[in-house]
$ cat my_file_2.cif   # mmCIF, C-alpha atoms
data_upload
loop_
_atom_site.label_atom_id
_atom_site.label_comp_id
_atom_site.auth_asym_id
_atom_site.auth_seq_id
_atom_site.Cartn_x
_atom_site.Cartn_y
_atom_site.Cartn_z
CA MET A 118 -3.92 -3.28 2.29
CA LEU A 119 -6.73 -0.86 1.56
CA PRO A 120 -5.57 2.74 1.56
CA SER A 121 -7.30 5.89 2.95
CA THR A 122 -7.77 5.56 6.72
CA SER A 123 -4.78 3.24 7.03
CA SER A 124 -2.60 5.59 5.01
CA ILE A 125 -3.82 8.59 7.00
CA ILE A 126 -2.94 6.96 10.31
CA PHE A 127 0.33 5.60 8.92
CA THR A 128 1.41 8.98 7.52
CA LEU A 129 0.63 10.83 10.74
CA GLY A 130 2.27 8.06 12.76
CA LEU A 131 5.38 8.29 10.61
CA ALA A 132 5.57 12.01 11.25
CA VAL A 133 5.47 11.42 15.00
CA THR A 134 7.97 8.55 15.05
CA CYS A 135 10.40 10.39 12.80
CA SER A 136 10.50 13.26 15.26
CA TYR A 137 11.86 11.13 18.13
CA PRO A 138 15.40 10.39 16.90
CA VAL A 139 15.70 13.77 15.18
CA ARG A 140 17.06 15.39 18.30
CA SER A 141 20.03 13.04 18.45
CA PHE A 142 20.64 12.53 14.74
CA ILE A 143 23.17 15.00 13.37
CA ILE A 144 23.32 15.67 9.66
CA SER A 145 26.13 17.82 8.39
CA PRO A 146 25.89 19.51 6.09
CA VAL A 147 22.13 19.65 5.44
CA SER A 148 21.76 19.42 1.71
CA PRO A 149 18.63 19.17 -0.45
CA THR A 150 20.03 16.11 -2.17
CA ARG A 151 16.85 14.11 -1.79
CA PRO A 152 14.72 14.81 -4.88
CA SER A 153 12.30 17.66 -4.50
CA LEU A 154 8.67 17.79 -5.51
CA GLY A 155 7.89 19.78 -8.59
CA TYR A 156 4.94 22.07 -9.16
CA SER A 157 2.75 19.12 -10.10
CA GLY A 158 3.32 17.51 -6.71
CA LYS A 159 5.17 14.53 -8.20
CA LEU A 160 8.77 13.56 -7.86
CA ALA A 161 11.28 14.76 -10.36
CA PRO A 162 12.00 12.20 -13.14
CA CYS A 163 15.51 11.60 -11.83
CA HIS A 164 14.07 9.80 -8.82
CA LEU A 165 11.73 7.63 -10.87
CA ARG A 166 14.69 5.73 -12.23
CA SER A 167 14.09 2.37 -13.82
CA SER A 168 16.55 -0.43 -13.55
CA TYR A 169 13.69 -2.89 -13.39
CA PRO A 170 14.94 -6.02 -15.19
CA TRP A 171 16.97 -7.15 -12.21
CA LYS A 172 14.26 -6.06 -9.79
CA LEU A 173 11.57 -8.03 -11.58
CA ALA A 174 13.58 -11.22 -11.37
CA ARG A 175 13.34 -10.92 -7.60
CA MET A 176 9.65 -10.00 -7.64
CA ARG A 177 8.64 -12.96 -9.77
CA ALA A 178 9.74 -15.28 -7.02
CA GLU A 179 7.24 -13.66 -4.65
CA VAL A 180 4.07 -13.62 -6.77
CA LYS A 181 2.66 -17.12 -6.66
CA THR A 182 -0.55 -18.99 -7.47
CA SER A 183 -3.17 -19.08 -4.76
CA GLU A 184 -4.42 -22.30 -3.20
CA THR A 185 -6.68 -20.59 -0.70
CA SER A 186 -8.74 -23.71 -0.05
CA LYS A 187 -5.71 -25.17 1.79
CA ILE A 188 -5.38 -22.23 4.18
CA THR A 189 -7.02 -22.42 7.58
CA PRO A 190 -9.23 -19.38 8.28
CA VAL A 191 -8.12 -17.04 11.06
CA GLU A 192 -10.54 -15.74 13.69
CA TYR A 193 -10.02 -12.02 14.19
CA LYS A 194 -11.04 -10.24 17.39
CA ASP A 195 -11.52 -6.56 16.61
CA SER A 196 -11.37 -3.99 19.38
CA TRP A 197 -13.74 -1.05 19.69
CA LEU A 198 -11.16 1.19 18.00
CA ASP A 199 -10.64 -1.34 15.21
CA ARG A 200 -14.36 -1.36 14.46
CA LYS A 201 -14.51 2.44 14.44
CA LEU A 202 -11.65 2.63 11.94
CA GLN A 203 -13.25 -0.03 9.75
CA SER A 204 -16.55 1.81 9.84
CA TYR A 205 -14.86 5.06 8.85
CA MET A 206 -13.09 3.33 5.98
CA GLU A 207 -16.38 1.91 4.73
CA TYR A 208 -17.96 5.36 4.98
CA ARG A 209 -15.19 6.98 2.92
CA ILE A 210 -15.34 4.33 0.19
CA THR A 211 -19.13 4.55 0.02
CA ARG A 212 -18.99 8.33 -0.36
CA VAL A 213 -16.49 7.98 -3.21
CA LEU A 214 -18.77 5.46 -4.94
CA GLN A 215 -21.80 7.70 -4.55
CA ASN A 216 -19.97 10.78 -5.83
CA SER A 217 -18.72 8.88 -8.86
CA ALA A 218 -22.31 7.81 -9.62
CA ASP A 219 -23.85 11.29 -9.42
CA GLY A 220 -24.53 11.41 -13.14
CA ASP A 221 -25.81 7.84 -13.43
CA ARG A 222 -29.27 7.18 -11.97
CA SER A 223 -29.02 3.39 -12.22
CA GLU A 224 -25.64 3.48 -10.49
CA ARG A 225 -27.03 5.61 -7.66
CA GLU A 226 -29.89 3.17 -7.20
CA ARG A 227 -27.45 0.25 -7.01
CA GLU A 228 -25.38 2.05 -4.38
CA SER A 229 -28.48 2.79 -2.31
CA LYS A 230 -29.56 -0.85 -2.56
CA HIS A 231 -26.13 -2.02 -1.38
CA GLU A 232 -26.37 0.22 1.69
CA GLY A 233 -29.70 -1.36 2.57
CA ASP A 234 -28.39 -4.90 2.09
CA LEU A 235 -25.48 -4.31 4.49
CA LYS A 236 -27.57 -3.26 7.48
CA GLY A 237 -26.65 -5.39 10.48
CA ALA A 238 -23.38 -6.67 8.99
CA LYS A 239 -20.08 -6.40 10.84
CA GLU A 240 -17.97 -3.31 10.25
CA TYR A 241 -15.18 -5.23 8.54
CA ASP A 242 -17.60 -7.06 6.26
CA LYS A 243 -19.19 -3.76 5.24
CA MET A 244 -15.78 -2.31 4.46
CA ILE A 245 -14.80 -5.31 2.33
CA GLU A 246 -18.12 -5.21 0.47
CA SER A 247 -17.52 -1.54 -0.32
CA ALA A 248 -14.02 -2.31 -1.56
CA GLY A 249 -15.46 -5.04 -3.79
CA ARG A 250 -17.95 -2.61 -5.31
CA LEU A 251 -15.09 -0.21 -5.99
CA ALA A 252 -13.06 -3.00 -7.62
CA ARG A 253 -15.89 -3.90 -10.03
CA ARG A 254 -15.07 -0.85 -12.10
CA LYS A 255 -12.45 -0.67 -14.80
CA GLY A 256 -9.00 -1.00 -13.27
CA SER A 257 -7.75 2.47 -14.16
CA GLN A 258 -10.99 4.04 -12.87
CA THR A 259 -10.74 2.12 -9.59
CA GLN A 260 -7.14 3.27 -9.11
CA GLU A 261 -8.09 6.88 -9.86
CA LEU A 262 -11.03 6.87 -7.44
CA THR A 263 -8.97 5.31 -4.64
CA LEU A 264 -6.10 7.72 -5.16
CA ARG A 265 -8.58 10.61 -5.08
CA LEU A 266 -9.93 9.22 -1.80
CA LEU A 267 -6.40 9.22 -0.39
CA ARG A 268 -5.65 12.77 -1.49
CA ASP A 269 -8.97 14.11 -0.22
CA SER A 270 -8.20 12.65 3.21
CA PHE A 271 -5.52 15.30 3.78
CA PRO A 272 -5.29 19.06 3.34
CA SER A 273 -3.97 19.77 -0.15
CA TRP A 274 -0.69 21.09 1.25
CA PHE A 275 0.03 18.15 3.55
CA PRO A 276 1.65 15.54 1.24
CA ARG A 277 4.12 18.06 -0.15
CA ALA A 278 4.90 19.51 3.27
CA PHE A 279 5.35 16.09 4.83
CA GLY A 280 7.56 15.04 1.92
CA SER A 281 9.72 18.12 2.49
CA PHE A 282 10.09 17.12 6.13
CA LEU A 283 11.14 13.58 5.18
CA ARG A 284 13.77 14.90 2.78
CA LEU A 285 15.64 16.39 5.74
CA PHE A 286 16.81 12.82 6.43
CA PRO A 287 18.34 10.02 4.35
CA LEU A 288 16.01 7.66 2.53
CA TRP A 289 17.05 4.63 4.62
CA PHE A 290 16.23 6.58 7.79
CA ASP A 291 12.71 7.40 6.56
CA ALA A 292 12.19 3.85 5.31
CA ARG A 293 13.01 2.25 8.65
CA HIS A 294 10.66 4.56 10.51
CA ALA A 295 7.96 3.86 7.94
CA ALA A 296 8.34 0.12 8.42
CA VAL A 297 7.96 0.31 12.19
CA SER A 298 4.98 2.66 11.87
CA THR A 299 3.25 0.33 9.42
CA VAL A 300 3.34 -2.63 11.81
CA PHE A 301 1.74 -0.66 14.62
CA LEU A 302 -0.81 1.28 12.59
CA THR A 303 -2.27 -1.21 10.11
CA ARG A 304 -3.09 -4.26 12.22
CA TRP A 305 -6.81 -3.36 12.33
CA LEU A 306 -6.91 -3.56 8.54
CA VAL A 307 -4.52 -6.26 7.32
CA GLY A 308 -3.78 -8.36 10.39
CA GLU A 309 -0.44 -9.33 11.90
CA SER A 310 2.80 -8.08 10.35
CA LYS A 311 6.45 -7.65 11.28
CA VAL A 312 9.48 -5.61 10.29
CA VAL A 313 11.86 -7.53 8.02
CA ASP A 314 15.06 -6.97 6.09
CA VAL A 315 14.71 -6.58 2.34
CA ASP A 316 16.84 -7.69 -0.58
CA GLN A 317 19.33 -4.94 -1.40
CA ASP A 318 18.75 -5.48 -5.11
CA LEU A 319 15.14 -4.31 -4.75
CA LEU A 320 16.13 -0.92 -3.36
CA ASP A 321 16.69 2.18 -5.46
CA PRO A 322 20.36 2.67 -6.36
CA VAL A 323 22.24 5.54 -4.77
CA GLN A 324 22.67 8.55 -7.01
CA GLU A 325 26.23 9.62 -7.67
CA GLY A 326 27.37 12.31 -5.29
CA LYS A 327 24.42 11.70 -2.94
CA GLU A 328 25.68 8.66 -1.09
CA LYS A 329 24.67 10.02 2.31
CA TRP A 330 21.02 10.48 1.32
CA GLY A 331 20.05 7.18 -0.27
CA ASN A 332 19.46 3.61 0.87
CA ASP A 333 23.04 3.07 2.09
CA PRO A 334 23.36 3.84 5.85
CA VAL A 335 26.35 6.14 6.34
CA GLY A 336 27.77 7.25 9.68
CA TRP A 337 26.18 6.62 13.04
CA VAL A 338 22.93 4.65 12.92
CA PRO A 339 20.65 5.85 15.73
CA GLY A 340 18.54 3.52 17.83
CA PHE A 341 14.78 3.67 17.89
CA LEU A 342 12.48 3.67 20.90
CA VAL A 343 10.16 0.91 19.62
CA GLY A 344 12.08 -0.39 16.62
CA GLY A 345 14.68 -2.54 18.30
CA ASN A 346 18.38 -2.55 17.55
CA TRP A 347 19.09 -1.22 14.09
CA ARG A 348 21.98 -2.46 12.00
CA LYS A 349 24.19 -0.76 9.49
CA GLU A 350 23.49 -3.25 6.68
CA LYS A 351 21.73 -1.89 3.61
CA GLY A 352 18.07 -2.93 3.55
CA ALA A 353 17.96 -3.80 7.27
CA GLY A 354 14.52 -3.07 8.69
CA GLN A 355 13.21 -1.43 5.52
CA GLY A 356 10.46 -3.95 4.87
CA VAL A 357 7.20 -5.09 6.39
CA GLN A 358 5.90 -8.62 5.91
CA ILE A 359 2.16 -9.07 6.34
CA THR A 360 1.72 -12.65 7.44
CA ARG A 361 -1.69 -13.00 5.84
CA CYS A 362 -3.45 -9.97 4.46
CA ARG A 363 -6.92 -9.97 5.93
CA VAL A 364 -8.34 -8.06 2.96
CA LEU A 365 -6.92 -10.49 0.41
CA GLU A 366 -8.01 -13.45 2.54
CA GLN A 367 -11.62 -12.27 2.59
CA THR A 368 -11.91 -11.07 -1.02
CA ASN A 369 -9.59 -13.56 -2.80
CA CYS A 370 -9.51 -10.91 -5.51
CA VAL A 371 -6.53 -9.81 -7.58
CA SER A 372 -8.38 -6.64 -8.61
CA VAL A 373 -9.00 -5.56 -5.01
CA CYS A 374 -5.34 -6.25 -4.22
CA CYS A 375 -3.90 -4.39 -7.21
CA ASN A 376 -6.42 -1.69 -8.06
CA VAL A 377 -7.86 -0.76 -4.66
CA CYS A 378 -4.75 -1.29 -2.57
CA LYS A 379 -1.38 -1.75 -4.25
CA VAL A 380 -1.29 0.84 -7.04
CA PRO A 381 -3.02 3.78 -5.25
CA THR A 382 -0.95 3.30 -2.09
CA GLN A 383 2.31 3.01 -4.05
CA ASN A 384 1.47 6.12 -6.10
CA PHE A 385 0.49 8.16 -3.06
CA PHE A 386 3.67 7.45 -1.13
CA THR A 387 6.07 7.41 -4.08
CA ASN A 388 4.72 10.38 -6.06
CA ASP A 389 2.77 12.56 -3.64
CA ILE A 390 4.88 12.20 -0.48
CA GLY A 391 8.21 11.22 -2.01
CA LEU A 392 8.87 8.02 -0.04
CA PRO A 393 9.29 5.21 -2.61
CA LEU A 394 7.20 2.15 -1.80
CA THR A 395 6.80 -1.15 -3.62
CA MET A 396 4.23 -3.70 -2.46
CA ILE A 397 4.75 -7.34 -3.44
CA PRO A 398 1.75 -9.63 -2.85
CA ASP A 399 2.10 -13.36 -2.40
CA TYR A 400 -1.07 -14.96 -3.76
CA GLU A 401 -0.13 -18.37 -2.40
CA THR A 402 0.15 -17.46 1.27
CA LEU A 403 -2.10 -14.39 0.97
CA GLY A 404 0.71 -12.34 2.47
CA CYS A 405 2.34 -9.17 1.22
CA THR A 406 5.72 -7.46 1.56
CA PHE A 407 6.17 -3.71 1.72
CA VAL A 408 9.58 -2.51 0.52
CA PHE A 409 10.28 1.08 1.53
CA GLY A 410 12.97 2.77 -0.53
CA ALA A 411 12.06 0.92 -3.74
CA THR A 412 10.35 2.69 -6.64
CA PRO A 413 7.58 0.44 -8.06
CA PRO A 414 7.92 -0.87 -11.62
CA PRO A 415 5.52 0.15 -14.42
CA LEU A 416 2.23 -1.74 -14.37
CA GLU A 417 3.04 -3.56 -17.60
CA ASP A 418 6.15 -5.02 -15.95
CA ASP A 419 4.60 -5.78 -12.57
CA GLU A 420 4.14 -9.51 -11.99
CA ALA A 421 1.22 -8.90 -9.63
CA PHE A 422 -0.82 -7.80 -12.65
CA LYS A 423 -0.05 -10.98 -14.58
CA HIS A 424 -1.67 -13.30 -12.07
CA PRO A 425 -4.82 -15.16 -13.15
CA CYS A 426 -8.13 -14.75 -11.39
CA MET A 427 -8.07 -16.50 -7.99
CA LYS A 428 -10.15 -19.62 -7.51
CA LEU A 429 -12.36 -18.20 -4.79
CA CYS A 430 -12.62 -14.67 -6.18
CA SER A 431 -15.54 -12.88 -4.54
CA LEU A 432 -16.21 -10.81 -7.68
CA ASN A 433 -16.06 -13.53 -10.32
CA THR A 434 -18.52 -16.36 -9.70
CA ARG A 435 -17.22 -18.17 -12.79
CA ALA A 436 -13.60 -18.25 -11.63
CA LYS A 437 -13.76 -21.56 -9.77
CA SER A 438 -15.55 -23.52 -12.51
CA ASP A 439 -13.30 -22.09 -15.21
CA GLN A 440 -10.13 -22.99 -13.33
CA GLU A 441 -11.43 -26.47 -12.55
CA ALA A 442 -11.76 -26.87 -16.31
CA GLY A 443 -8.05 -26.05 -16.64
CA LEU A 444 -8.47 -22.43 -17.68
CA ASP A 445 -6.21 -19.80 -16.10
CA ILE A 446 -8.45 -16.85 -16.83
CA ALA A 447 -6.99 -13.38 -16.43
CA CYS A 448 -8.71 -10.87 -14.19
CA SER A 449 -10.92 -8.80 -16.48
CA ARG A 450 -10.41 -5.71 -14.33
CA LEU A 451 -6.62 -5.55 -14.63
CA ASP A 452 -6.44 -3.32 -17.69
CA VAL A 453 -2.67 -3.08 -17.96
CA PRO A 454 -1.23 -0.77 -20.65
CA GLU A 455 0.74 -2.47 -23.40
CA LYS A 456 4.49 -1.98 -23.66
#
$ encode --input "my_file_2.cif" --output "structure tokens"
Amino acid sequence: MLPSTSSIIFTLGLAVTCSYPVRSFIISPVSPTRPSLGYSGKLAPCHLRSSYPWKLARMRAEVKTSETSKITPVEYKDSWLDRKLQSYMEYRITRVLQNSADGDRSERERESKHEGDLKGAKEYDKMIESAGRLARRKGSQTQELTLRLLRDSFPSWFPRAFGSFLRLFPLWFDARHAAVSTVFLTRWLVGESKVVDVDQDLLDPVQEGKEKWGNDPVGWVPGFLVGGNWRKEKGAGQGVQITRCRVLEQTNCVSVCCNVCKVPTQNFFTNDIGLPLTMIPDYETLGCTFVFGATPPPLEDDEAFKHPCMKLCSLNTRAKSDQEAGLDIACSRLDVPEK
């Protein structure tokens, strides 16, 4: 899932949906046991805990090799609002690309040429083309530019203020609202999705003495107007499964998935807002699973970054011929730091 517009709508939607059960959800006593944001705007180190070996064993089972040629294309029917959101997304990405090329004349000329080439194309196609241009940069630069795009989409005070609001409630409570909001607010971008239960082992462990504020539901579990009947089991309703990510389906690109979508979105929600989020792509089905309440692993340990270039990658014209020759080439834009 591409960030920016989707994350803006999702974040605002989460704020609205969280406010509904607040009136009937009693917390006593109110304690700032959820980790607070420091001066830098990032979570305190105690919340970025790493017990990743057992998490990664679960994640490896989800990241698979793509056989996109065997998947039947889906025909999407975008509404007027969908097209407006896609157009706005394309506009934001294009502005980021142009601003990053201010000091490079040849880069500016290339960006201007791309704008001319896309005249008459559908809104979604323009957006995907812009995301591809963003993904052609070095991985760390792409992640930085996309994260900057996300942060510039809000007032500077908003992520911290919204994170403070979320910390009034337990992590599982925020995660379940986030999952429901994601399904309703991202269809225009990634396609169909549904709320799912997640493996308890993927979730962040509860800190000692803060049992009422972590991923373990404690006490009365309130209902939700549009979220169905909630259960008291840990991990229930804290995930979103995207049946087939429309972005990944159209780009067939590991770099777009990881550098434009996965890492910036995870960083924004986990570090800036304070709601841990791990995204687990499935390169075989072109789906993706969002796990709210799970701090993402370091890039060097993330299996999504170890996947070879996909056969039909829109950025690498050599990928198909190289893989037909038996070569599992790594994506050249996944510059993962060494351990």
$ atom_distance --input "my_file_2.cif" --atom1 "atom CA of A:Ser247" --atom2 "atom CA of A:Ser270"
17.3 Å
$ axis_aligned_box --input "my_file_2.cif" --around "stretch 313-329 of chain A" --padding-each-side "3 Å" --output "JSON"
{"center_x": 19.6, "center_y": 2.3, "center_z": 0.2, "size_x": 21.5, "size_y": 26.0, "size_z": 21.7}
$ closest_residue --input "my_file_2.cif" --among "A:Pro287, A:Gly256, A:Gly308, A:Pro425" --to "A:Arg361" --atoms "all atoms listed in the file"
A:Gly308
$ atom_distance --input "my_file_2.cif" --atom1 "atom CA of A:Asp314" --atom2 "atom CA of A:Leu288"
15.1 Å
$ closest_residue --input "my_file_2.cif" --among "A:Tyr241, A:Thr412, A:Arg265, A:Glu401" --to "A:Arg200" --atoms "only C-alpha atoms"
A:Tyr241
$ closest_residue --input "my_file_2.cif" --among "A:Val377, A:Pro393, A:Leu365, A:Met427" --to "A:Asp291" --atoms "only C-alpha atoms"
A:Pro393
$ resolve_selection --input "my_file_2.cif" --expression "the PyMOL selection byres ((chain A and resi 359) around 8)" --output "PyMOL selection string"
chain A and resi 307-311+357-358+360-362+404-406
$ write_last_selection --input "my_file_2.cif" --atoms "C-alpha atoms" --output "PDB file, keeping the file's coordinate frame"
ATOM      1  CA  VAL A 307      -4.520  -6.260   7.320  1.00  0.00           C
ATOM      2  CA  GLY A 308      -3.780  -8.360  10.390  1.00  0.00           C
ATOM      3  CA  GLU A 309      -0.440  -9.330  11.900  1.00  0.00           C
ATOM      4  CA  SER A 310       2.800  -8.080  10.350  1.00  0.00           C
ATOM      5  CA  LYS A 311       6.450  -7.650  11.280  1.00  0.00           C
ATOM      6  CA  VAL A 357       7.200  -5.090   6.390  1.00  0.00           C
ATOM      7  CA  GLN A 358       5.900  -8.620   5.910  1.00  0.00           C
ATOM      8  CA  THR A 360       1.720 -12.650   7.440  1.00  0.00           C
ATOM      9  CA  ARG A 361      -1.690 -13.000   5.840  1.00  0.00           C
ATOM     10  CA  CYS A 362      -3.450  -9.970   4.460  1.00  0.00           C
ATOM     11  CA  GLY A 404       0.710 -12.340   2.470  1.00  0.00           C
ATOM     12  CA  CYS A 405       2.340  -9.170   1.220  1.00  0.00           C
ATOM     13  CA  THR A 406       5.720  -7.460   1.560  1.00  0.00           C
TER      14      THR A 406
END
$ atom_distance --input "my_file_2.cif" --atom1 "atom CA of A:Val313" --atom2 "atom CA of A:Lys329"
22.5 Å
$ resolve_selection --input "my_file_2.cif" --expression "the PyMOL selection byres ((chain A and resi 384) around 10)" --output "ChimeraX atom specification"
/A:159,260,264,379-383,385-395,412-413
$ closest_residue --input "my_file_2.cif" --among "A:Ser196, A:Ala252, A:Glu261, A:Val323" --to "A:Asn433" --atoms "only C-alpha atoms"
A:Ala252
$ residues_around --input "my_file_2.cif" --residues "A:Asn332" --least-positions-apart "6" --cutoff "12 Å" --atoms "only C-alpha atoms" --output "PyMOL selection string"
chain A and resi 151+286-293+315-324+349-355+392-393+408-412
$ write_last_selection --input "my_file_2.cif" --atoms "C-alpha atoms" --output "PDB file, in the coordinates of the input"
ATOM      1  CA  ARG A 151      16.850  14.110  -1.790  1.00  0.00           C
ATOM      2  CA  PHE A 286      16.810  12.820   6.430  1.00  0.00           C
ATOM      3  CA  PRO A 287      18.340  10.020   4.350  1.00  0.00           C
ATOM      4  CA  LEU A 288      16.010   7.660   2.530  1.00  0.00           C
ATOM      5  CA  TRP A 289      17.050   4.630   4.620  1.00  0.00           C
ATOM      6  CA  PHE A 290      16.230   6.580   7.790  1.00  0.00           C
ATOM      7  CA  ASP A 291      12.710   7.400   6.560  1.00  0.00           C
ATOM      8  CA  ALA A 292      12.190   3.850   5.310  1.00  0.00           C
ATOM      9  CA  ARG A 293      13.010   2.250   8.650  1.00  0.00           C
ATOM     10  CA  VAL A 315      14.710  -6.580   2.340  1.00  0.00           C
ATOM     11  CA  ASP A 316      16.840  -7.690  -0.580  1.00  0.00           C
ATOM     12  CA  GLN A 317      19.330  -4.940  -1.400  1.00  0.00           C
ATOM     13  CA  ASP A 318      18.750  -5.480  -5.110  1.00  0.00           C
ATOM     14  CA  LEU A 319      15.140  -4.310  -4.750  1.00  0.00           C
ATOM     15  CA  LEU A 320      16.130  -0.920  -3.360  1.00  0.00           C
ATOM     16  CA  ASP A 321      16.690   2.180  -5.460  1.00  0.00           C
ATOM     17  CA  PRO A 322      20.360   2.670  -6.360  1.00  0.00           C
ATOM     18  CA  VAL A 323      22.240   5.540  -4.770  1.00  0.00           C
ATOM     19  CA  GLN A 324      22.670   8.550  -7.010  1.00  0.00           C
ATOM     20  CA  LYS A 349      24.190  -0.760   9.490  1.00  0.00           C
ATOM     21  CA  GLU A 350      23.490  -3.250   6.680  1.00  0.00           C
ATOM     22  CA  LYS A 351      21.730  -1.890   3.610  1.00  0.00           C
ATOM     23  CA  GLY A 352      18.070  -2.930   3.550  1.00  0.00           C
ATOM     24  CA  ALA A 353      17.960  -3.800   7.270  1.00  0.00           C
ATOM     25  CA  GLY A 354      14.520  -3.070   8.690  1.00  0.00           C
ATOM     26  CA  GLN A 355      13.210  -1.430   5.520  1.00  0.00           C
ATOM     27  CA  LEU A 392       8.870   8.020  -0.040  1.00  0.00           C
ATOM     28  CA  PRO A 393       9.290   5.210  -2.610  1.00  0.00           C
ATOM     29  CA  VAL A 408       9.580  -2.510   0.520  1.00  0.00           C
ATOM     30  CA  PHE A 409      10.280   1.080   1.530  1.00  0.00           C
ATOM     31  CA  GLY A 410      12.970   2.770  -0.530  1.00  0.00           C
ATOM     32  CA  ALA A 411      12.060   0.920  -3.740  1.00  0.00           C
ATOM     33  CA  THR A 412      10.350   2.690  -6.640  1.00  0.00           C
TER      34      THR A 412
END
$ closest_residue --input "my_file_2.cif" --among "A:Val312, A:Glu366, A:Cys374, A:Glu328" --to "A:His294" --atoms "all atoms listed in the file"
A:Val312
$ closest_residue --input "my_file_2.cif" --among "A:Trp330, A:Thr263, A:Phe271, A:Val297" --to "A:Cys378" --atoms "all atoms listed in the file"
A:Thr263
$ residues_around --input "my_file_2.cif" --residues "A:Thr368" --least-positions-apart "3" --cutoff "8 Å" --atoms "all atoms listed in the file" --output "MDAnalysis selection string"
chainID A and resid 245 249 364:365 373 430:432
$ residues_around --input "my_file_2.cif" --residues "A:Ile210" --least-positions-apart "3" --cutoff "9 Å" --atoms "only C-alpha atoms" --output "MDAnalysis selection string"
chainID A and resid 121 205:207 213:215 244 247:248 251 263 266
